[in-house]
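J.: Starting off with a structure, shown below.
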Amino acid sequence: MQKTELVTQLGVKGGSARSIWSKLGLSGKAVQQRYWLFILLIAPAFFLRILTAVFPIFQTIQISLTNLDLIKNTNSFVGLKNYQSMLSDYGVQGALSFTILLVVSSTVLDLVLGMLVALLLNTSFKGRGFARTINLIPWAVPTIVAGYVFRWFLDAQFGLLTTWIYQLTGAHVALFINDVSARLVVILAYVWKDAPFIAVIFLAGLQGVPEELYDAAKVDGANAWDRFWLITMPLIMPLTVTMGLFRLLWSLGNFDLVFGLTQGGPGVATSVLALQVFRTGILFFKFGMASAISVVLLLFVAVIGLVGLWLFRKTEVSV
Amino acid sequence: MNTNKKISRRDFLRVAGIAAAGTVVAACTPATQNPTATAVPAASATTALATPTVLKKRTVRIAVGAWAEANVKDLLAKTDFTKQTGIDVEVVLRTDTKETELARLASAFQAGTSPYDVIDFEDELTTAFSRAGYVIGLDDILPSDLWDDFSPAMVDYTKVWSAYNGETFRVIHNWEMPYWFYRKDWFDAKGVKPPTTWDEVKPLGKVFTDEAKNVWASEDGLIKGAFLNVYMAWVTLQAGGNPFDVGDPYKQALEYTYDLMYTSKVLNPASLQNGYDQQNADYLADKVAFMRQWPYFGDVARGDANKAWFSDDKVAIALPPAGPGGKGGSTYAAGWGFGIVKTSPNLAEAKELLKFLVSTPVAVEAVKVGFWFLNARKSVLAAAPQDNWLVKQLKTYTDAGVIGVRPFHPQFVEALTIIEDTASAYLTKQISLDESLKQAKDRLGQLS
């Protein structure tokens, strides 16, 4: 209960918390005990978050200002040097641009495709249960495995897809030696992997839309297109925003598909920031630089999170 | 006595607090040793006679890759190491990739411990381990005449890859190089001989490449992730340099590779998206006339799965074509060897085991146990089965003097990533040669 509500109810305008509690018949000692109980109950969660989220974030920011390197055994304060190096680093620049392209395009495609599949799975047809089940198979395949499988699937000599392209056009294609096609393949592979999961979530959302609304719309003469845009979309918009937000955040931190599929190549065309963090931190042991890249990723996450929360509140609806 | 008396909250908290504190204190106190298991130094053994003691068993752990586990166990059993020294050896598995092993040992080292005492490790890890101080120098424990048994190329290689600041940190037992495999049947049919120089390679595109059938004169595994770097190091060495210097030989190597891909049509550009498995599959599918490949391909080609396909003239081996740098750097070898972890709790035993393993008689026995121990040590080459194709080729390459020293960089893993990023971008026509060289030079310059 908000304090203002309480104040209104108790008619103690301008009163302090203590006077409110006394109006409720609680003594000072009892109030104190309640405060302690409150602190005791939230303390584990509070300290857990401090330990697992706040501390690592501040530690990462602090390390990003050093040249901490376990191989060279250096650990001195270098200010913003790591951030300056990132600006001129060909690898980081490439990773930054493709990260933005990848997360935005694959998320949009995921949501669109997920919605289409969900709409399809929400209709009545024979074998619907089976279709709903097999829909989830791509999502259940481990991402790194999917990466290697796609590499063979698109192999220039023996790949299934490349063979079809050859049979149709007579051209032997090597999709990963061209930056545009390599990027496209990575984006589509992400969509293939994640869209089924998004579809299942959307399906749950669609099933929560009251049927009476559609019936009423039909009576009013709304066609299927109108019903989708005027009823379905507004009602599942919070879900769309939430899933979009999650999908953006997931793909920002993932690099396993890229690792298995292209290793970030050709050149740095399909490299992503998370892969750069992995390489710089885990392969090169340059924790200072890796932390700086992580901080940039963190900024992305923070901005996306804030925008997502704002959108979520804006699109909140009640039926 | 009223046994039903309720415990107050205060009493409960007090008792619980005391119990918790006691647990914490107990956990933080060093464990008292079991007197019956206490290790007693030999010198004090007589004075300790009054109390019954058990001497601690001497043990040592050696970490090897899963592929070498059986060989190492066989070798230790065959050579009676435990019988001779009284030291029990536990063969443990290390991780397959250098990255995970580096992370694993780095973590253990920070904690002042180690998951093993002796490790069998590759070039890249030697560089990282020696510079990070994770392994001990071995010069004091190695016999002074040990290196007399090594071929000059192996000694040169050891000075670069297994040493740091003049101190040796690893003694190699496995030393192998990419060989130049070719379809002798195709070459004979076309009436051409294996090329001996770069210039002789270029016309082979016209001879063998048939793009419509996706058949290429040559193919390689050049995907990023250390594959492309291996090739760039190989071809830059042929040009007489080191890619990490980003000098003229590296520029020549890039130009030559680009020419092979797009002008002479010798090297399939799809190599840039292939790993070695894909490269091998293409060769076995009769899509490739010749290729650089590590010796394991010889075993793949001779394997049961390819029995129907295999014949000696399909997997012939010639010396690699020499580049502008001369035939002395036509190929390079990479190696695996033994070293000792500085934080090993069994340093004395580890030293004994390493001395034993690298000694000439044991090295000779080792190659009889398995080719994981094949290298160009004089004694090993003499003892190895002479009719084996790999032994023959190692001898041929060694005698021909075509093995140069693998191009080195002190921060090898990071440097190779830079070479791959920039070379791959140029070879896939994303950036110009000058831009590629500039990016490589700038980024490598920042490493030092």
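In the structure tokens, chains take the letters A, B, ... in the order shown, each chain's residues start at 1, and ligands count up from 1 in the order shown.
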Please find the residues of chain A near chain B - the criterion being any atom within 9 Å, counting only C-alpha atoms - and write them as an MDAnalysis selection string.
T.: chainID A and resid 70:73 85 88:91 151:152 155:158 170:179 259 262:269 279:280 282:285
J.: Skip Tyr157 of chain B itself and residues of its chain fewer than 3 positions away, then list as a ChimeraX atom specification all residues within 10 Å of it, counting only C-alpha atoms.
T.: /B:151-154,160-163,172,175,332-335,403-408
J.: Suppose we keep N, CA, C and O atoms; can you now write the selection as a JSON list (two decimals), in the first residue's frame?
T.:
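The resulting again_34.json:
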[["chain", "number", "residue", "atom", "x", "y", "z"],
["B", 151, "SER", "N", 67.82, -33.25, -35.28],
["B", 151, "SER", "CA", 68.24, -32.74, -36.59],
["B", 151, "SER", "C", 68.45, -31.23, -36.47],
["B", 151, "SER", "O", 67.84, -30.58, -35.61],
["B", 152, "PRO", "N", 69.30, -30.65, -37.34],
["B", 152, "PRO", "CA", 69.53, -29.19, -37.26],
["B", 152, "PRO", "C", 68.23, -28.39, -37.35],
["B", 152, "PRO", "O", 68.06, -27.40, -36.64],
["B", 153, "ALA", "N", 67.30, -28.85, -38.20],
["B", 153, "ALA", "CA", 66.03, -28.12, -38.34],
["B", 153, "ALA", "C", 65.24, -28.17, -37.03],
["B", 153, "ALA", "O", 64.58, -27.19, -36.65],
["B", 154, "MET", "N", 65.32, -29.31, -36.34],
["B", 154, "MET", "CA", 64.60, -29.42, -35.05],
["B", 154, "MET", "C", 65.22, -28.53, -33.99],
["B", 154, "MET", "O", 64.52, -27.95, -33.16],
["B", 160, "VAL", "N", 63.42, -21.41, -31.33],
["B", 160, "VAL", "CA", 62.40, -20.38, -31.56],
["B", 160, "VAL", "C", 61.12, -20.68, -30.79],
["B", 160, "VAL", "O", 60.57, -19.82, -30.09],
["B", 161, "TRP", "N", 60.64, -21.91, -30.88],
["B", 161, "TRP", "CA", 59.31, -22.23, -30.38],
["B", 161, "TRP", "C", 59.28, -22.82, -28.97],
["B", 161, "TRP", "O", 58.25, -22.78, -28.31],
["B", 162, "SER", "N", 60.39, -23.43, -28.55],
["B", 162, "SER", "CA", 60.36, -24.09, -27.24],
["B", 162, "SER", "C", 61.20, -23.36, -26.21],
["B", 162, "SER", "O", 61.40, -23.87, -25.10],
["B", 163, "ALA", "N", 61.73, -22.21, -26.58],
["B", 163, "ALA", "CA", 62.60, -21.49, -25.65],
["B", 163, "ALA", "C", 62.15, -20.04, -25.50],
["B", 163, "ALA", "O", 61.44, -19.50, -26.36],
["B", 172, "ILE", "N", 60.39, -31.48, -27.58],
["B", 172, "ILE", "CA", 59.37, -32.03, -28.46],
["B", 172, "ILE", "C", 59.60, -33.52, -28.75],
["B", 172, "ILE", "O", 60.72, -34.00, -28.79],
["B", 175, "TRP", "N", 56.83, -34.07, -34.25],
["B", 175, "TRP", "CA", 57.28, -32.97, -35.11],
["B", 175, "TRP", "C", 56.82, -33.28, -36.51],
["B", 175, "TRP", "O", 57.32, -34.22, -37.13],
["B", 332, "TYR", "N", 57.19, -25.90, -43.19],
["B", 332, "TYR", "CA", 57.68, -25.81, -41.81],
["B", 332, "TYR", "C", 57.02, -26.89, -40.98],
["B", 332, "TYR", "O", 55.99, -27.44, -41.34],
["B", 333, "ALA", "N", 57.66, -27.18, -39.87],
["B", 333, "ALA", "CA", 57.10, -28.21, -38.98],
["B", 333, "ALA", "C", 56.57, -27.56, -37.71],
["B", 333, "ALA", "O", 57.05, -26.50, -37.29],
["B", 334, "ALA", "N", 55.58, -28.19, -37.16],
["B", 334, "ALA", "CA", 55.06, -27.78, -35.85],
["B", 334, "ALA", "C", 55.21, -28.97, -34.91],
["B", 334, "ALA", "O", 55.33, -30.11, -35.38],
["B", 335, "GLY", "N", 55.23, -28.73, -33.64],
["B", 335, "GLY", "CA", 55.52, -29.85, -32.76],
["B", 335, "GLY", "C", 54.72, -29.88, -31.47],
["B", 335, "GLY", "O", 54.05, -28.92, -31.10],
["B", 403, "ILE", "N", 62.78, -27.98, -44.79],
["B", 403, "ILE", "CA", 61.98, -27.62, -43.60],
["B", 403, "ILE", "C", 62.55, -26.36, -42.94],
["B", 403, "ILE", "O", 63.67, -26.38, -42.42],
["B", 404, "GLY", "N", 61.80, -25.29, -43.00],
["B", 404, "GLY", "CA", 62.22, -24.06, -42.35],
["B", 404, "GLY", "C", 61.61, -23.96, -40.96],
["B", 404, "GLY", "O", 60.89, -24.85, -40.52],
["B", 405, "VAL", "N", 61.92, -22.86, -40.28],
["B", 405, "VAL", "CA", 61.37, -22.66, -38.94],
["B", 405, "VAL", "C", 60.02, -21.99, -39.05],
["B", 405, "VAL", "O", 59.86, -20.98, -39.76],
["B", 406, "ARG", "N", 59.06, -22.53, -38.37],
["B", 406, "ARG", "CA", 57.70, -21.99, -38.38],
["B", 406, "ARG", "C", 57.72, -20.51, -37.98],
["B", 406, "ARG", "O", 58.28, -20.16, -36.92],
["B", 407, "PRO", "N", 57.12, -19.64, -38.79],
["B", 407, "PRO", "CA", 57.08, -18.21, -38.45],
["B", 407, "PRO", "C", 56.51, -17.98, -37.04],
["B", 407, "PRO", "O", 55.47, -18.54, -36.69],
["B", 408, "PHE", "N", 57.20, -17.14, -36.32],
["B", 408, "PHE", "CA", 56.92, -16.99, -34.89],
["B", 408, "PHE", "C", 56.49, -15.56, -34.55],
["B", 408, "PHE", "O", 56.92, -14.61, -35.18]]
J.: Would you give me, as a Markdown table, each residue of segment 177-199 of chain B having an atom within 12 Å of an atom of segment 389-392 of chain B, along with its shortest atom pair and that distance in Å to one decimal, using only C-alpha atoms and sorting by chain and residue number?
T.:
| residue | atom | partner | partner_atom | distance |
| --- | --- | --- | --- | --- |
| B:Met177 | CA | B:Leu390 | CA | 10.7 |
| B:Pro178 | CA | B:Leu390 | CA | 11.5 |
| B:Tyr179 | CA | B:Leu390 | CA | 9.8 |
J.: List as a list in words the protein and nucleic acid residues near Ala363 of chain B, meaning an atom at most 8 Å away when only C-alpha atoms are counted, but skip any in the same chain fewer than 3 places from it.
T.: His173, Leu357, Val358, Ser359, Thr360, Ala366, Val367, Phe373, Ser379 and Val380 of chain B
J.: Could you give me, as a tab-separated table (two decimals) with C-alpha atoms, in the first residue's frame, the residues within 8 Å of Thr107 of chain A, counting only C-alpha atoms and dropping anything in the same chain fewer than 2 positions from it?
T.:
chain	number	residue	atom	x	y	z
A	103	VAL	CA	20.62	-8.06	-33.67
A	104	VAL	CA	18.25	-5.61	-35.31
A	105	SER	CA	17.57	-7.51	-38.52
A	109	LEU	CA	12.71	-11.15	-38.88
A	110	ASP	CA	12.25	-13.40	-35.86
A	111	LEU	CA	9.23	-11.46	-34.70
A	191	VAL	CA	16.24	-16.57	-37.57
A	244	GLY	CA	11.74	-8.42	-29.02
A	247	ARG	CA	15.67	-11.55	-28.43
A	248	LEU	CA	17.80	-8.42	-28.80
J.: Using only C-alpha atoms, determine which residues lie at most 12 Å from Val258 of chain A, disregarding the query and same-chain residues fewer than 5 positions distant; provide the list as a PyMOL selection string.
T.: (chain A and resi 95+98-99+102+143-148+150-151+176+182-190+251+253+263-266+268-276) or (chain B and resi 224-225)
J.: Take the residues that were just selected and, keeping C-alpha atoms, output them as a short mmCIF file (atom, residue, chain, number, x, y, z; two decimals), in the first residue's frame.
T.:
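Writing done, so here's selection.cif:
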data_model
loop_
_atom_site.label_atom_id
_atom_site.label_comp_id
_atom_site.auth_asym_id
_atom_site.auth_seq_id
_atom_site.Cartn_x
_atom_site.Cartn_y
_atom_site.Cartn_z
CA ALA A 95 32.25 -6.49 -35.05
CA PHE A 98 27.73 -6.37 -37.81
CA THR A 99 26.47 -6.74 -34.24
CA LEU A 102 22.61 -8.78 -36.83
CA THR A 143 23.56 -23.51 -31.44
CA ILE A 144 27.16 -24.54 -31.98
CA VAL A 145 25.96 -27.74 -33.65
CA ALA A 146 23.66 -25.70 -35.87
CA GLY A 147 26.68 -23.59 -36.84
CA TYR A 148 28.71 -26.58 -37.98
CA PHE A 150 25.04 -25.04 -41.66
CA ARG A 151 28.67 -24.90 -42.71
CA PHE A 176 31.04 -17.54 -47.20
CA ALA A 182 28.01 -14.48 -45.53
CA ARG A 183 26.19 -11.85 -43.45
CA LEU A 184 22.87 -12.84 -44.94
CA VAL A 185 23.46 -16.49 -44.16
CA VAL A 186 24.37 -15.76 -40.54
CA ILE A 187 21.28 -13.59 -40.06
CA LEU A 188 19.00 -16.21 -41.61
CA ALA A 189 20.60 -18.98 -39.59
CA TYR A 190 19.82 -17.04 -36.40
CA SER A 251 21.65 -12.12 -29.60
CA GLY A 253 25.57 -11.89 -25.90
CA GLN A 263 34.57 -17.71 -37.26
CA GLY A 264 33.67 -14.09 -37.93
CA GLY A 265 34.88 -14.19 -41.52
CA PRO A 266 35.38 -13.50 -44.30
CA VAL A 268 35.61 -9.44 -40.05
CA ALA A 269 32.34 -9.33 -42.00
CA THR A 270 30.41 -11.57 -39.61
CA SER A 271 32.31 -10.89 -36.42
CA VAL A 272 30.28 -9.80 -33.38
CA LEU A 273 31.22 -7.98 -30.20
CA ALA A 274 30.64 -11.05 -28.02
CA LEU A 275 33.14 -12.99 -30.17
CA GLN A 276 35.62 -10.16 -29.73
CA LYS B 224 39.48 -18.31 -40.11
CA GLY B 225 40.28 -19.91 -36.79
#
J.: Restricting the calculation to only C-alpha atoms: of A:Gly281, A:Gly260, A:Gly79, A:Pro138, which residue gets closest to Ile61 of chain A?
T.: A:Gly79
J.: Would you kindly return, as an MDAnalysis selection string, each protein, DNA or RNA residue with an atom no farther than 12 Å from any atom of Val91 of chain B, considering only C-alpha atoms and excluding same-chain residues fewer than 2 positions away?
T.: chainID B and resid 59:66 68:77 88:89 93:94 115:120 353
J.: Please determine, counting only C-alpha atoms, which residue among A:Val296, A:Leu311, A:Ala118, A:Met289 has the shortest atom-to-atom distance to Asn82 of chain A.
T.: A:Met289
J.: For atom CA of Phe181 of chain B and atom CA of Ala318 of chain B, determine how far apart the two atoms are, in Å to one decimal place.
T.: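 That distance, rounded to one decimal, is 6.6 Å.
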